[in-house]
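As provided, input_7.txt (compact mmCIF, C-alpha atoms) reads as follows.
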```
# COMPACT_ATOMS: atom_id res chain seq x y z
CA GLU T 1 0.00 0.00 0.00
CA LEU T 2 2.79 2.41 0.85
CA LEU T 3 4.55 1.62 -2.43
CA ASP T 4 1.35 2.34 -4.37
CA GLU T 5 0.80 5.57 -2.46
CA VAL T 6 4.32 6.86 -2.99
CA THR T 7 4.24 5.87 -6.65
CA ALA T 8 1.17 8.07 -7.06
CA LEU T 9 2.88 11.00 -5.32
CA VAL T 10 5.95 11.32 -7.54
CA GLU T 11 6.59 11.79 -11.25
CA TRP T 12 10.35 11.30 -11.28
CA PRO T 13 11.08 8.98 -8.35
CA THR T 14 14.62 8.86 -7.03
CA VAL T 15 15.51 6.78 -4.00
CA TYR T 16 18.00 7.93 -1.37
CA VAL T 17 19.29 6.11 1.72
CA CYS T 18 18.96 7.98 5.03
CA ARG T 19 19.96 7.15 8.60
CA PHE T 20 18.86 7.79 12.15
CA GLU T 21 20.64 7.38 15.47
CA SER T 22 21.03 3.72 16.46
CA GLU T 23 19.91 4.41 20.05
CA PHE T 24 16.34 4.73 18.75
CA LEU T 25 16.47 0.96 18.08
CA ALA T 26 15.86 0.47 21.82
CA VAL T 27 12.22 1.30 21.03
CA PRO T 28 10.17 -1.68 19.73
CA GLN T 29 10.71 -1.78 16.00
CA GLU T 30 6.97 -1.94 15.28
CA CYS T 31 6.66 1.61 16.68
CA LEU T 32 9.51 2.97 14.59
CA ILE T 33 8.30 1.24 11.44
CA LEU T 34 4.79 2.58 11.87
CA THR T 35 5.86 6.16 12.50
CA MET T 36 8.21 6.14 9.48
CA LYS T 37 5.66 4.61 7.12
CA THR T 38 2.53 6.39 8.36
CA ASN T 39 3.81 9.87 9.11
CA GLN T 40 6.67 10.27 6.65
CA LYS T 41 6.05 7.71 3.87
CA TYR T 42 9.54 6.32 4.41
CA PHE T 43 10.57 2.73 3.71
CA PRO T 44 12.36 1.12 6.69
CA LEU T 45 15.26 -1.23 6.02
CA PHE T 46 15.92 -4.59 7.68
CA ASP T 47 18.83 -6.98 8.04
CA GLU T 48 18.70 -10.57 6.82
CA GLY T 49 17.12 -11.68 10.10
CA GLY T 50 14.22 -9.24 9.73
CA LYS T 51 15.53 -6.85 12.38
CA LEU T 52 15.14 -3.14 11.76
CA LYS T 53 18.31 -1.26 10.79
CA HIS T 54 18.93 2.40 11.61
CA GLN T 55 18.42 3.23 7.93
CA PHE T 56 15.45 4.01 5.73
CA LEU T 57 14.69 4.89 2.13
CA VAL T 58 13.15 8.17 1.04
CA VAL T 59 11.66 8.68 -2.43
CA SER T 60 12.32 12.12 -3.81
CA ASN T 61 10.63 13.68 -6.83
CA MET T 62 13.95 14.86 -8.26
CA GLU T 63 17.30 13.43 -9.19
CA LEU T 64 20.21 15.48 -7.84
CA ALA T 65 23.91 15.28 -8.48
CA ASP T 66 24.47 15.96 -4.79
CA PRO T 67 21.48 14.79 -2.71
CA LYS T 68 23.15 15.67 0.61
CA LYS T 69 20.63 18.34 1.55
CA VAL T 70 17.67 16.11 0.71
CA ILE T 71 19.10 13.29 2.82
CA GLU T 72 19.97 15.55 5.74
CA GLY T 73 16.58 17.23 5.58
CA ASN T 74 14.71 13.94 5.81
CA GLU T 75 16.98 12.70 8.59
CA ARG T 76 16.25 15.91 10.49
CA VAL T 77 12.49 15.49 9.97
CA VAL T 78 12.34 11.89 11.19
CA ARG T 79 14.20 12.46 14.47
CA PRO T 80 11.33 14.22 16.31
CA ARG T 81 8.97 11.43 15.22
CA LEU T 82 11.27 8.77 16.56
CA ALA T 83 11.87 10.83 19.70
CA ASP T 84 8.11 10.95 20.29
CA ALA T 85 7.92 7.17 19.95
CA ARG T 86 10.76 6.77 22.44
CA PHE T 87 9.07 9.19 24.86
CA PHE T 88 5.76 7.30 24.62
CA PHE T 89 7.49 3.96 25.21
CA ASP T 90 9.62 5.14 28.12
CA THR T 91 6.68 6.90 29.76
CA ASP T 92 4.31 3.95 29.33
CA LYS T 93 6.80 1.57 30.94
CA LYS T 94 6.68 3.57 34.17
CA THR T 95 3.17 2.26 34.86
CA ARG T 96 2.56 -1.48 35.13
CA LEU T 97 -0.10 -2.97 32.91
CA GLY T 98 -1.96 -4.33 35.90
CA ASP T 99 -2.24 -0.81 37.33
CA ARG T 100 -3.87 0.39 34.11
CA VAL T 101 -6.75 -2.09 34.25
CA PRO T 102 -9.00 0.20 36.40
CA GLU T 103 -8.73 2.86 33.67
CA LEU T 104 -10.73 0.57 31.36
CA ALA T 105 -13.84 1.23 33.47
CA SER T 106 -14.08 4.65 31.81
CA VAL T 107 -13.71 3.30 28.26
CA VAL T 108 -17.08 2.54 26.65
CA TYR T 109 -17.31 -0.83 24.94
CA HIS T 110 -21.02 -0.84 23.97
CA ASN T 111 -23.88 1.10 25.50
CA LYS T 112 -25.80 -2.14 26.15
CA LEU T 113 -22.79 -4.18 27.23
CA GLY T 114 -20.99 -1.71 29.47
CA SER T 115 -17.40 -0.57 29.63
CA GLN T 116 -14.18 -2.21 28.56
CA GLY T 117 -13.58 -2.84 32.26
CA GLU T 118 -16.77 -4.89 32.51
CA ARG T 119 -15.86 -6.69 29.33
CA VAL T 120 -12.44 -7.57 30.70
CA GLU T 121 -14.11 -9.15 33.74
CA ARG T 122 -16.29 -11.29 31.47
CA VAL T 123 -13.41 -12.31 29.20
CA THR T 124 -11.30 -13.16 32.27
CA GLN T 125 -14.01 -15.47 33.61
CA LEU T 126 -14.53 -17.01 30.20
CA ALA T 127 -10.80 -17.45 29.57
CA GLY T 128 -10.56 -19.52 32.74
CA GLU T 129 -13.37 -21.80 31.58
CA VAL T 130 -11.90 -22.12 28.10
CA ALA T 131 -8.47 -22.89 29.52
CA THR T 132 -9.96 -25.75 31.51
CA LEU T 133 -11.69 -27.11 28.41
CA ILE T 134 -8.54 -27.04 26.26
CA GLY T 135 -6.08 -28.09 28.97
CA ALA T 136 -4.30 -24.74 29.37
CA ASP T 137 -3.19 -23.15 32.65
CA ARG T 138 -6.33 -21.55 34.09
CA ALA T 139 -4.65 -19.03 36.40
CA ARG T 140 -2.32 -17.69 33.70
CA ALA T 141 -5.17 -17.54 31.18
CA GLU T 142 -7.18 -15.42 33.61
CA ARG T 143 -4.16 -13.20 34.27
CA ALA T 144 -3.56 -12.75 30.55
CA ALA T 145 -7.22 -11.92 29.91
CA THR T 146 -7.11 -9.32 32.69
CA LEU T 147 -4.11 -7.61 31.08
CA ALA T 148 -5.00 -8.13 27.40
CA LYS T 149 -6.74 -4.75 26.94
CA ALA T 150 -4.67 -2.80 29.45
CA ASP T 151 -2.49 -1.27 26.74
CA LEU T 152 -5.47 0.63 25.31
CA PRO T 153 -4.98 3.67 27.62
CA THR T 154 -1.22 3.88 26.91
CA LEU T 155 0.32 6.81 25.08
CA MET T 156 1.73 4.59 22.34
CA VAL T 157 -1.58 2.92 21.51
CA GLY T 158 -3.33 6.28 21.77
CA GLU T 159 -1.00 7.55 19.03
CA PHE T 160 -0.96 4.32 17.02
CA PRO T 161 -4.13 2.25 17.59
CA GLU T 162 -2.73 -0.36 15.19
CA LEU T 163 -0.25 -1.31 17.91
CA GLN T 164 -2.82 -2.49 20.45
CA GLY T 165 -1.81 -5.95 21.58
CA THR T 166 1.68 -5.53 20.21
CA MET T 167 2.50 -2.99 22.90
CA GLY T 168 0.68 -5.08 25.49
CA ARG T 169 3.22 -7.83 24.88
CA TYR T 170 6.19 -5.46 25.32
CA TYR T 171 4.79 -3.88 28.47
CA ALA T 172 3.91 -7.29 29.96
CA GLN T 173 7.46 -8.49 29.27
CA ASN T 174 8.79 -5.32 30.87
CA ASP T 175 6.65 -6.04 33.95
CA GLY T 176 8.06 -9.56 34.23
CA GLU T 177 4.85 -11.40 33.37
CA ALA T 178 5.05 -15.05 32.32
CA PRO T 179 6.02 -15.50 28.65
CA ASP T 180 2.66 -17.03 27.65
CA VAL T 181 0.80 -14.23 29.44
CA ALA T 182 2.79 -11.63 27.50
CA ALA T 183 2.25 -13.55 24.26
CA ALA T 184 -1.51 -13.68 24.88
CA CYS T 185 -1.66 -9.88 25.18
CA ALA T 186 -0.58 -9.65 21.53
CA GLU T 187 -1.93 -12.88 20.10
CA HIS T 188 -5.48 -12.86 21.49
CA TYR T 189 -6.48 -10.76 18.47
CA ARG T 190 -5.44 -13.56 16.09
CA PRO T 191 -6.48 -14.50 13.52
CA ARG T 192 -7.21 -10.93 12.42
CA PHE T 193 -7.92 -11.85 8.79
CA ALA T 194 -8.13 -14.83 6.44
CA GLY T 195 -4.83 -16.65 6.38
CA ASP T 196 -3.48 -14.88 9.46
CA ALA T 197 -1.42 -16.89 11.95
CA LEU T 198 -3.24 -18.54 14.85
CA PRO T 199 -2.42 -17.75 18.48
CA SER T 200 0.19 -19.92 20.17
CA ALA T 201 -1.05 -23.05 21.91
CA GLY T 202 -2.14 -22.90 25.53
CA VAL T 203 -2.81 -19.60 27.28
CA PRO T 204 -2.81 -17.36 24.14
CA THR T 205 -5.31 -19.69 22.47
CA ALA T 206 -7.56 -19.71 25.54
CA VAL T 207 -7.65 -15.90 25.67
CA ALA T 208 -8.16 -15.60 21.89
CA LEU T 209 -11.14 -17.94 22.03
CA ALA T 210 -12.57 -16.17 25.06
CA ASP T 211 -12.22 -12.75 23.43
CA LYS T 212 -14.05 -13.86 20.29
CA LEU T 213 -16.73 -15.91 22.04
CA GLU T 214 -17.55 -13.06 24.44
CA THR T 215 -17.99 -10.72 21.47
CA LEU T 216 -20.23 -13.18 19.64
CA ALA T 217 -22.37 -14.05 22.66
CA GLY T 218 -22.74 -10.45 23.77
CA LEU T 219 -23.73 -9.02 20.41
CA PHE T 220 -26.03 -11.92 19.56
CA GLY T 221 -27.55 -11.51 23.00
CA ILE T 222 -28.51 -7.89 22.33
CA GLY T 223 -29.77 -8.56 18.81
CA GLN T 224 -26.80 -7.14 16.89
CA THR T 225 -26.58 -10.02 14.42
CA PRO T 226 -25.22 -9.58 10.88
CA THR T 227 -27.85 -8.95 8.22
CA GLY T 228 -27.19 -9.37 4.52
CA ASP T 229 -23.80 -7.90 3.72
CA LYS T 230 -23.81 -5.72 6.86
CA ASP T 231 -21.56 -6.91 9.66
CA PRO T 232 -20.38 -3.79 11.54
CA PHE T 233 -18.90 -5.77 14.43
CA ALA T 234 -17.08 -8.30 12.20
CA LEU T 235 -18.95 -11.21 13.77
CA ARG T 236 -18.39 -13.40 10.72
CA ARG T 237 -14.66 -12.90 11.13
CA HIS T 238 -14.88 -13.71 14.84
CA ALA T 239 -16.84 -16.89 14.14
CA LEU T 240 -14.35 -17.96 11.49
CA GLY T 241 -11.55 -17.26 13.95
CA VAL T 242 -13.18 -19.60 16.49
CA ILE T 243 -13.54 -22.28 13.79
CA ARG T 244 -9.94 -22.00 12.63
CA ILE T 245 -8.57 -22.12 16.17
CA LEU T 246 -10.63 -25.22 17.02
CA VAL T 247 -10.07 -27.04 13.72
CA GLU T 248 -6.49 -26.14 12.87
CA GLY T 249 -5.44 -26.21 16.51
CA GLN T 250 -6.98 -29.68 16.89
CA LEU T 251 -8.68 -28.69 20.15
CA SER T 252 -11.04 -31.18 21.78
CA ALA T 253 -13.26 -28.49 23.30
CA PRO T 254 -16.97 -29.12 22.56
CA LEU T 255 -18.63 -26.16 20.87
CA PRO T 256 -21.79 -26.38 23.03
CA ALA T 257 -19.66 -26.16 26.20
CA LEU T 258 -17.84 -23.11 24.82
CA LEU T 259 -21.12 -21.38 23.98
CA ASP T 260 -22.56 -22.24 27.39
CA ALA T 261 -19.58 -20.61 29.09
CA ALA T 262 -19.78 -17.59 26.75
CA PHE T 263 -23.38 -16.78 27.66
CA GLU T 264 -22.97 -17.64 31.33
CA CYS T 265 -20.23 -15.03 31.74
CA PHE T 266 -22.87 -12.33 31.13
CA GLY T 267 -24.83 -13.43 34.19
CA GLY T 268 -28.21 -13.07 32.47
CA ARG T 269 -27.49 -9.57 31.21
CA VAL T 270 -28.14 -10.60 27.59
CA ALA T 271 -30.70 -12.88 25.95
CA ASP T 272 -29.81 -16.55 25.63
CA GLU T 273 -29.15 -16.89 21.91
CA ARG T 274 -27.07 -20.08 21.98
CA GLU T 275 -29.01 -21.85 19.26
CA PRO T 276 -28.92 -18.95 16.76
CA LEU T 277 -25.23 -18.40 17.50
CA ALA T 278 -24.48 -22.10 17.02
CA ALA T 279 -26.34 -22.05 13.70
CA PHE T 280 -24.32 -18.97 12.69
CA ILE T 281 -21.04 -20.71 13.49
CA TYR T 282 -22.05 -23.87 11.61
CA GLU T 283 -22.94 -21.74 8.59
CA ARG T 284 -19.46 -20.19 8.72
CA LEU T 285 -18.07 -23.72 9.04
CA ARG T 286 -19.70 -24.58 5.72
CA GLY T 287 -17.88 -21.72 4.03
CA PHE T 288 -14.62 -22.70 5.70
CA LEU T 289 -14.92 -26.28 4.45
CA LYS T 290 -15.91 -25.15 0.97
CA ASP T 291 -12.64 -23.23 0.75
CA THR T 292 -10.79 -26.48 1.48
CA GLY T 293 -12.28 -28.07 -1.64
CA ALA T 294 -15.05 -30.14 -0.04
CA SER T 295 -18.22 -30.64 -2.09
CA SER T 296 -21.62 -29.34 -1.00
CA GLN T 297 -22.86 -32.89 -0.37
CA GLU T 298 -19.84 -33.76 1.75
CA ILE T 299 -20.18 -30.55 3.75
CA ASP T 300 -23.89 -31.13 4.28
CA ALA T 301 -23.26 -34.70 5.45
CA VAL T 302 -20.76 -33.55 8.08
CA VAL T 303 -22.30 -30.25 9.21
CA ALA T 304 -26.02 -31.11 9.19
CA PRO T 305 -25.70 -33.20 12.40
CA GLN T 306 -24.00 -30.19 14.06
CA PRO T 307 -20.79 -31.87 15.27
CA THR T 308 -19.76 -30.84 18.76
CA LEU T 309 -16.01 -31.30 18.19
CA LEU T 310 -15.06 -29.16 15.21
CA ALA T 311 -11.50 -30.47 15.35
CA GLN T 312 -12.78 -33.84 14.13
CA VAL T 313 -14.51 -32.45 11.05
CA PRO T 314 -11.52 -32.85 8.66
CA ALA T 315 -11.19 -36.51 9.69
CA GLN T 316 -14.94 -36.96 9.21
CA LEU T 317 -14.70 -35.50 5.71
CA ALA T 318 -11.81 -37.81 4.87
CA ALA T 319 -13.82 -40.77 6.17
CA ILE T 320 -16.89 -40.14 4.04
CA ARG T 321 -14.68 -39.65 0.97
CA ALA T 322 -13.01 -43.01 1.61
CA PHE T 323 -16.41 -44.61 2.22
CA ALA T 324 -17.82 -43.10 -0.98
CA ALA T 325 -15.09 -44.88 -2.96
CA LEU T 326 -16.40 -48.31 -1.87
CA PRO T 327 -18.65 -50.19 -4.32
CA GLU T 328 -21.23 -50.66 -1.55
CA ALA T 329 -21.45 -46.94 -0.74
CA ALA T 330 -24.08 -45.83 -3.27
CA SER T 331 -26.53 -48.54 -2.22
CA LEU T 332 -26.02 -47.93 1.50
CA ASN T 333 -26.32 -44.16 1.11
CA ALA T 334 -29.59 -44.61 -0.75
CA ALA T 335 -30.83 -47.02 1.93
CA ASN T 336 -29.81 -44.49 4.58
CA LYS T 337 -31.90 -41.84 2.89
CA ARG T 338 -34.83 -44.25 2.68
CA VAL T 339 -34.49 -45.06 6.38
CA ALA T 340 -34.41 -41.35 7.24
CA ASN T 341 -37.64 -40.76 5.30
CA ILE T 342 -39.40 -43.74 6.90
CA LEU T 343 -38.41 -42.67 10.41
CA LYS T 344 -39.39 -39.04 9.85
CA LYS T 345 -42.80 -40.10 8.57
CA ALA T 346 -43.23 -42.50 11.50
CA VAL T 347 -42.29 -39.85 14.08
CA ASP T 348 -44.52 -37.24 12.44
CA GLY T 349 -47.35 -39.78 12.49
CA GLY T 350 -46.90 -40.54 16.17
CA GLU T 351 -45.74 -44.11 15.60
CA ALA T 352 -44.24 -46.03 18.53
CA ILE T 353 -40.59 -47.03 18.08
CA ALA T 354 -39.69 -49.77 20.53
CA ALA T 355 -37.35 -52.73 20.17
CA SER T 356 -38.35 -56.25 21.18
CA ASP T 357 -36.80 -59.69 20.83
CA ALA T 358 -39.33 -60.92 18.34
CA PRO T 359 -38.19 -60.32 14.74
CA THR T 360 -40.67 -62.22 12.58
CA GLU T 361 -38.84 -62.29 9.25
CA ALA T 362 -35.56 -63.99 8.39
CA ALA T 363 -34.25 -60.86 6.64
CA GLU T 364 -35.14 -58.82 9.70
CA ARG T 365 -33.18 -61.18 11.97
CA ALA T 366 -30.27 -61.22 9.54
CA LEU T 367 -29.98 -57.43 9.53
CA ARG T 368 -30.23 -57.23 13.31
CA ASP T 369 -27.56 -59.92 13.76
CA ALA T 370 -25.25 -58.39 11.15
CA LEU T 371 -25.48 -54.98 12.81
CA ALA T 372 -24.80 -56.50 16.24
CA ALA T 373 -21.79 -58.38 14.87
CA ILE T 374 -20.25 -55.28 13.31
CA ARG T 375 -20.74 -52.86 16.19
CA PRO T 376 -18.03 -53.94 18.70
CA ALA T 377 -15.13 -53.59 16.25
CA ALA T 378 -16.68 -50.49 14.64
CA ASP T 379 -17.11 -48.78 18.01
CA ALA T 380 -13.48 -49.52 18.83
CA HIS T 381 -12.45 -47.74 15.62
CA PHE T 382 -14.64 -44.79 16.56
CA ARG T 383 -13.16 -44.48 20.04
CA ARG T 384 -9.69 -44.37 18.49
CA GLY T 385 -10.82 -41.62 16.14
CA ASP T 386 -10.41 -43.83 13.07
CA PHE T 387 -13.58 -42.69 11.34
CA THR T 388 -12.57 -44.16 7.99
CA ALA T 389 -12.27 -47.67 9.42
CA TYR T 390 -15.53 -47.12 11.31
CA LEU T 391 -17.51 -46.33 8.17
CA LYS T 392 -15.85 -49.05 6.13
CA SER T 393 -17.06 -51.56 8.71
CA PHE T 394 -20.61 -51.01 7.52
CA ALA T 395 -19.87 -52.04 3.94
CA ALA T 396 -20.69 -55.58 5.07
CA LEU T 397 -24.30 -54.51 5.67
CA LYS T 398 -25.10 -53.98 1.99
CA ALA T 399 -26.50 -57.47 1.43
CA PRO T 400 -28.62 -57.70 4.62
CA VAL T 401 -29.91 -54.14 4.12
CA ASP T 402 -30.89 -54.86 0.51
CA ALA T 403 -32.57 -58.12 1.57
CA PHE T 404 -34.43 -56.34 4.38
CA PHE T 405 -36.03 -53.81 2.06
CA GLU T 406 -36.82 -56.46 -0.55
CA GLN T 407 -38.45 -58.93 1.85
CA VAL T 408 -39.73 -56.99 4.86
CA MET T 409 -42.71 -54.66 5.15
CA VAL T 410 -41.64 -52.10 7.74
CA MET T 411 -45.08 -50.61 8.35
CA ALA T 412 -46.71 -53.93 9.21
CA ASP T 413 -50.31 -54.07 10.47
CA ASP T 414 -49.26 -55.37 13.89
CA PRO T 415 -48.21 -52.34 16.01
CA ALA T 416 -45.61 -54.34 17.98
CA ILE T 417 -43.98 -55.70 14.83
CA ARG T 418 -44.06 -52.25 13.25
CA ALA T 419 -42.50 -50.65 16.33
CA ASN T 420 -39.77 -53.30 16.42
CA ARG T 421 -38.86 -52.83 12.78
CA LEU T 422 -38.78 -49.06 13.16
CA ALA T 423 -36.48 -49.51 16.15
CA LEU T 424 -34.16 -51.68 14.06
CA LEU T 425 -34.01 -49.00 11.37
CA ARG T 426 -33.37 -46.32 13.99
CA ASP T 427 -30.45 -48.35 15.37
CA LEU T 428 -29.12 -48.79 11.83
CA ARG T 429 -29.36 -45.08 11.10
CA ASP T 430 -27.76 -44.07 14.40
CA ALA T 431 -24.85 -46.45 13.88
CA MET T 432 -24.14 -45.52 10.27
CA ASN T 433 -24.60 -41.80 10.83
CA LYS T 434 -22.32 -41.54 13.83
CA VAL T 435 -19.59 -39.95 11.69
CA ALA T 436 -21.78 -38.07 9.21
CA ASP T 437 -25.31 -38.09 7.82
CA LEU T 438 -24.81 -40.49 4.93
CA SER T 439 -28.32 -39.83 3.63
CA LYS T 440 -26.99 -36.45 2.42
CA LEU T 441 -24.63 -38.30 0.07
CA ALA T 442 -27.41 -40.18 -1.72
CA ALA T 443 -27.80 -39.18 -5.36
```
Same coordinates, now as structure tokens:
Amino acid sequence: ELLDEVTALVEWPTVYVCRFESEFLAVPQECLILTMKTNQKYFPLFDEGGKLKHQFLVVSNMELADPKKVIEGNERVVRPRLADARFFFDTDKKTRLGDRVPELASVVYHNKLGSQGERVERVTQLAGEVATLIGADRARAERAATLAKADLPTLMVGEFPELQGTMGRYYAQNDGEAPDVAAACAEHYRPRFAGDALPSAGVPTAVALADKLETLAGLFGIGQTPTGDKDPFALRRHALGVIRILVEGQLSAPLPALLDAAFECFGGRVADEREPLAAFIYERLRGFLKDTGASSQEIDAVVAPQPTLLAQVPAQLAAIRAFAALPEAASLNAANKRVANILKKAVDGGEAIAASDAPTEAAERALRDALAAIRPAADAHFRRGDFTAYLKSFAALKAPVDAFFEQVMVMADDPAIRANRLALLRDLRDAMNKVADLSKLAA
């Protein structure tokens, strides 16, 4: 962006190398880079390790035989800017982050959700719950959440709002906070955009999840949901951030438990919108999976049952793809869809569904016995997280399932027989759809 801007400002660009005093490098390089690029349109220079050098490039609109005055003039102009950054940093360090937290009580977050101070209390409570769910240190997660917004009242962030979080990390390090607490101050904003890095594992991840979930729960709870292309609070981005952290971080935290904790931290101050928020997150999950190359049918099969552990979704997708490659898959998927329709019609019609030990047809007994024989090994695969092996176990049911539908009348006249057969189909559906709703894969 800076290159494009400077290109538009000059007609005869000539680049000169300028310097500044090396003692300014004691200030965090993000501050120096921002002040050079934003205020002066200078290009900072770095060494091979990515560390800022005490040099920068200036683009002049004229080519001079002796550019000494241009170079000296720009060096003279940049010094007060860098001196301001050093003053802000040195002054901010005199006050500990923890001592700044009370100042957040006077910073408005949302007129219906209170101040930033109140929000910090909620995020702190939520971060502790999230830390427990993901196996992170609860006390340090709560400490990090308490400090995460404390850099907002600092001079540096007041001058450069883009540095919020970044400065929190430096000030926390200066105060001697634990490394993961300092990291969380910066990384709890991640991911900020598509493709951005995720927060580090443990405490930073707990605080990042808490920060996003509190935002989602609070704004859903006061009716500020996105409509059409309008999303003023970036809730779609927050939801996608939660998804990426859970999926790519392989976290075994159940989504319902996370949403429960998110709404509970408000203490009844907002409406309970867990179901709409869950539906919103699952809709974002569909878009996330589509970007990975999954088909609409595959996504529907995995997302329609609303999986509680989003980290397992990639393995579930891989499993249904492997299952779909089997010669028995098309027939079993079609049978699954038929079973789903029969059961829906039976439930809607108030039919009893109750198992008994009295199957009256040979094909009925064969299907029941085949299902019972498969289940122990299949369940062992499922417990190990081997969803592919789990689904492949059911390929052996093709013949008994086909025979059942050819030879057995499910909706028999006898209520007990009908209820028993419906129960058998329910057991079949529940077993086969434990990984994904295979009926969604039927042509």
Neighbouring residues of Asp137 in chain T were defined as those with any atom within 12 Å, considering all atoms listed in the file; residues of the same chain fewer than 5 positions away were excluded. Please report them as a PyMOL selection string.
chain T and resi 127-132+142-144+178+180-181+201-207
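The closest residue to Ala423 in chain T, picked from T:Leu251, T:Ala442, T:Met167, T:Ala346 and counting only C-alpha atoms, is T:Ala346.
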Figure out the distance between CA of Val10 in chain T and CA of Val70 in chain T, please, to one decimal in Å.
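Here the two named atoms are 15.1 Å from each other.
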Non-local contacts of range 20-33 of chain T (6 Å; all atoms listed in the file; under 3 positions in same chain excluded) as a list in words
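Skipping anything fewer than 3 positions along the chain leaves Met36, His54 and Arg86 of chain T.
Residue nearest Ile299 in chain T, chosen from T:Leu97, T:Met411, T:Val401, T:Leu441 and counting only C-alpha atoms: T:Leu441.
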Please work out which residues fall within 12 Å of (-9.0, -28.1, 19.1), coordinates as given in the file, with all atoms listed in the file counting, and return them as JSON, numbers by chain.
{"T": [130, 131, 133, 134, 135, 136, 198, 201, 202, 205, 206, 209, 242, 243, 244, 245, 246, 247, 248, 249, 250, 251, 252, 253, 254, 255, 258, 308, 309, 310, 311, 312, 313, 314]}
Resulting file, chosen residues, C-alpha atoms, as a compact mmCIF listing (two decimals), in the coordinates of the input:
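Result went into again_36.txt, see below:
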```
# COMPACT_ATOMS: atom_id res chain seq x y z
CA VAL T 130 -11.90 -22.12 28.10
CA ALA T 131 -8.47 -22.89 29.52
CA LEU T 133 -11.69 -27.11 28.41
CA ILE T 134 -8.54 -27.04 26.26
CA GLY T 135 -6.08 -28.09 28.97
CA ALA T 136 -4.30 -24.74 29.37
CA LEU T 198 -3.24 -18.54 14.85
CA ALA T 201 -1.05 -23.05 21.91
CA GLY T 202 -2.14 -22.90 25.53
CA THR T 205 -5.31 -19.69 22.47
CA ALA T 206 -7.56 -19.71 25.54
CA LEU T 209 -11.14 -17.94 22.03
CA VAL T 242 -13.18 -19.60 16.49
CA ILE T 243 -13.54 -22.28 13.79
CA ARG T 244 -9.94 -22.00 12.63
CA ILE T 245 -8.57 -22.12 16.17
CA LEU T 246 -10.63 -25.22 17.02
CA VAL T 247 -10.07 -27.04 13.72
CA GLU T 248 -6.49 -26.14 12.87
CA GLY T 249 -5.44 -26.21 16.51
CA GLN T 250 -6.98 -29.68 16.89
CA LEU T 251 -8.68 -28.69 20.15
CA SER T 252 -11.04 -31.18 21.78
CA ALA T 253 -13.26 -28.49 23.30
CA PRO T 254 -16.97 -29.12 22.56
CA LEU T 255 -18.63 -26.16 20.87
CA LEU T 258 -17.84 -23.11 24.82
CA THR T 308 -19.76 -30.84 18.76
CA LEU T 309 -16.01 -31.30 18.19
CA LEU T 310 -15.06 -29.16 15.21
CA ALA T 311 -11.50 -30.47 15.35
CA GLN T 312 -12.78 -33.84 14.13
CA VAL T 313 -14.51 -32.45 11.05
CA PRO T 314 -11.52 -32.85 8.66
```
Find the spatial neighbours of Cys265 in chain T, counting all atoms listed in the file, within a cut-off of 10 Å - ignore same-chain residues fewer than 5 positions away - and output them as a list of chain:residue names.
T:Arg119, T:Glu121, T:Arg122, T:Val123, T:Thr124, T:Gln125, T:Leu126, T:Ala127, T:Glu129, T:Glu214, T:Ala217, T:Gly218, T:Asp260, T:Val270
In file coordinates, which residues lie within 10 Å of (-2.9, -4.4, 29.2) using only C-alpha atoms, given as a PyMOL selection string?
chain T and resi 96-101+104+144-154+164-165+167-172+182+185-186
Using Å and a single decimal, report how far CA of Glu5 in chain T sits from CA of Asp66 in chain T.
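Between CA of Asp66 in chain T and CA of Glu5 in chain T the gap works out to 26.0 Å.
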Point out the residue among T:Ala183, T:Lys112, T:Asp369, T:Gly117 with the least atom-to-atom distance to Arg140 in chain T, counting only C-alpha atoms.
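Under the stated criterion, the closest residue is T:Ala183.
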Residue contacts of range 324-330 of chain T (10 Å, all atoms listed in the file) excluding same-chain residues fewer than 5 positions away, as number ranges by chain:
T: 298, 318-319, 335-336, 391-392, 394-399, 438, 441-443
Could you check how far CA of Leu52 in chain T sits from CA of Glu11 in chain T, in Å to one decimal?
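For CA of Leu52 in chain T relative to CA of Glu11 in chain T, the distance reads 28.7 Å.
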Give the answer as one residue: which of T:Lys37, T:Arg190, T:His238, T:Arg274 has the shortest atom-to-atom distance to Leu82 in chain T, using only C-alpha atoms?
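The shortest atom-to-atom distance to Leu82 in chain T comes from T:Lys37.
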Set out as JSON lines a contact list for range 125-217 of chain T and range 233-237 of chain T with a cut-off of 12 Å, giving each residue of range 125-217 of chain T that qualifies its closest atom pair and distance in Å to one decimal, counting only C-alpha atoms, ordered by chain and rising residue number.
```
{"residue": "T:Tyr189", "atom": "CA", "partner": "T:Arg237", "partner_atom": "CA", "distance": 11.2}
{"residue": "T:Arg190", "atom": "CA", "partner": "T:Arg237", "partner_atom": "CA", "distance": 10.5}
{"residue": "T:Pro191", "atom": "CA", "partner": "T:Arg237", "partner_atom": "CA", "distance": 8.7}
{"residue": "T:Arg192", "atom": "CA", "partner": "T:Arg237", "partner_atom": "CA", "distance": 7.8}
{"residue": "T:Phe193", "atom": "CA", "partner": "T:Arg237", "partner_atom": "CA", "distance": 7.2}
{"residue": "T:Ala194", "atom": "CA", "partner": "T:Arg237", "partner_atom": "CA", "distance": 8.3}
{"residue": "T:Gly195", "atom": "CA", "partner": "T:Arg237", "partner_atom": "CA", "distance": 11.5}
{"residue": "T:Asp196", "atom": "CA", "partner": "T:Arg237", "partner_atom": "CA", "distance": 11.5}
{"residue": "T:Asp211", "atom": "CA", "partner": "T:Leu235", "partner_atom": "CA", "distance": 11.9}
{"residue": "T:Lys212", "atom": "CA", "partner": "T:Leu235", "partner_atom": "CA", "distance": 8.6}
{"residue": "T:Leu213", "atom": "CA", "partner": "T:Leu235", "partner_atom": "CA", "distance": 9.8}
{"residue": "T:Glu214", "atom": "CA", "partner": "T:Leu235", "partner_atom": "CA", "distance": 10.9}
{"residue": "T:Thr215", "atom": "CA", "partner": "T:Leu235", "partner_atom": "CA", "distance": 7.8}
{"residue": "T:Leu216", "atom": "CA", "partner": "T:Leu235", "partner_atom": "CA", "distance": 6.3}
{"residue": "T:Ala217", "atom": "CA", "partner": "T:Leu235", "partner_atom": "CA", "distance": 9.9}
```
